[in-house]
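Remarks on the structure that follows.
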Amino acid sequence: RDTKWAVNQYEGMVARFKETGDFKELYREDMRFAEGYWANDRRPNYQADLWYNKNRNEICWRLIGDRTTGKRLLSIGGGLWVEKEFLDGLLTSETIRTDLIGSDGVLEMDAERMPFPAESFDIVSCRDMIEHVLNEQQVFAEVKRVLRPEGLLLITTPNGYHNPIDGVIHL
């Protein structure tokens, strides 16, 4: 029942976006829905999703190793708990979290037009956000601009069987 309800909610959000074309409002609604969905420990697959996301954090920690110690990191699309947990496990000198919709500790920012000076970050993390971007070439140009020449880019995207590719929220 919970899975069917979630699919209906998701499809309703997509239908409303197609009517209005307001991607930012769609994303705001999607974030509210996601927070409730992930927090529901009685839904089917809760334990599997928790395991999946915690393992993905572990893999990213292993990939980066100690290369974050004392570094300045920009997280693009870091609004949800998975990214916060990942970032809290790093030993950066400064971490700036951004997302299309701001919240506690997360700056509201469009990744296609970042307000940071060139070469201002040692590390840029784009975890599970690039599949939401309308103009990924512009995002990559901005990432290249704000990343120092010897900087590190960590980019991940969910596996296609975990999240639907619907052409609206997941591109």
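Just remember, in the structure tokens the first chain shown is A, the second B, etc., residues are 1-based per chain, and ligands are 1-based in the order shown.
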
| message | as a list in words, please: the residues near Asp30 (chain A) (cut-off 10 Å, only C-alpha atoms, same-chain neighbours under 3 positions excluded). | response |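 Listed by chain and then number, they are Gln9, Tyr10, Met13, Val14, Lys24, Glu25, Leu26, Tyr27, Phe33, Ala34, Glu35 and Ile169 of chain A.
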
| request: Using DSSP on the backbone coordinates, identify the residues of region 9-169 of chain A assigned to alpha helix (DSSP H); present them as a PyMOL selection string. | output: chain A and resi 9-20+23-39+46-64+81-88+136-146

| query | Near Gly102 (chain A), within 10 Å and counting only C-alpha atoms, which residues show up once chain neighbours fewer than 3 positions away are dropped, as an NGL selection string? | reply | :A and (28 or 77-79 or 97-99 or 105-109)

| query | When DSSP works through the backbone of this structure, what residues of region 34-164 of chain A end up as strand (DSSP E or B), shown as a VMD selection string? | reply | chain A and resid 72 to 76 94 to 99 103 106 to 108 121 to 127 147 to 156

Same residues, C-alpha atoms, output as a compact mmCIF listing (two decimals), in the first residue's frame:
# COMPACT_ATOMS: atom_id res chain seq x y z
CA ARG A 72 37.46 23.41 1.43
CA LEU A 73 34.49 21.44 0.05
CA LEU A 74 31.40 22.48 -1.90
CA SER A 75 28.44 20.11 -1.86
CA ILE A 76 26.00 20.75 -4.69
CA GLU A 94 35.08 24.19 5.57
CA THR A 95 32.03 22.58 3.98
CA ILE A 96 29.41 24.57 2.11
CA ARG A 97 26.18 22.72 1.38
CA THR A 98 23.96 24.01 -1.43
CA ASP A 99 20.75 22.91 -3.07
CA SER A 103 17.07 24.77 4.35
CA VAL A 106 21.96 24.52 3.15
CA LEU A 107 22.35 27.58 0.90
CA GLU A 108 19.74 28.02 -1.81
CA PHE A 121 37.19 24.85 -3.66
CA ASP A 122 39.52 21.89 -3.27
CA ILE A 123 36.65 19.40 -3.58
CA VAL A 124 33.22 19.53 -5.18
CA SER A 125 30.68 16.85 -4.32
CA CYS A 126 27.70 16.32 -6.64
CA ARG A 127 26.04 13.27 -5.20
CA LEU A 147 37.25 23.87 -8.55
CA ARG A 148 40.97 24.44 -8.06
CA PRO A 149 43.21 23.01 -10.84
CA GLU A 150 44.30 20.00 -8.74
CA GLY A 151 40.85 19.69 -7.17
CA LEU A 152 38.74 16.60 -6.73
CA LEU A 153 35.22 16.11 -8.12
CA LEU A 154 33.08 13.40 -6.56
CA ILE A 155 29.98 12.71 -8.62
CA THR A 156 27.46 9.91 -8.17

| message | Nearest residue to Gly65 (chain A) out of A:Gly89, A:Asp128, A:Tyr52, A:Lys4, using only C-alpha atoms? | response |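 Nearest candidate to Gly65 (chain A) out of A:Gly89, A:Asp128, A:Tyr52, A:Lys4: A:Gly89.
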
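CA of Pro44 (chain A) sits 29.2 Å away from CA of Arg62 (chain A).
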
| What does the distance between CA of Val146 (chain A) and CA of Asn53 (chain A) come to in Å, to one decimal place? |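 Rounded to one decimal, the two atoms are 27.5 Å apart.
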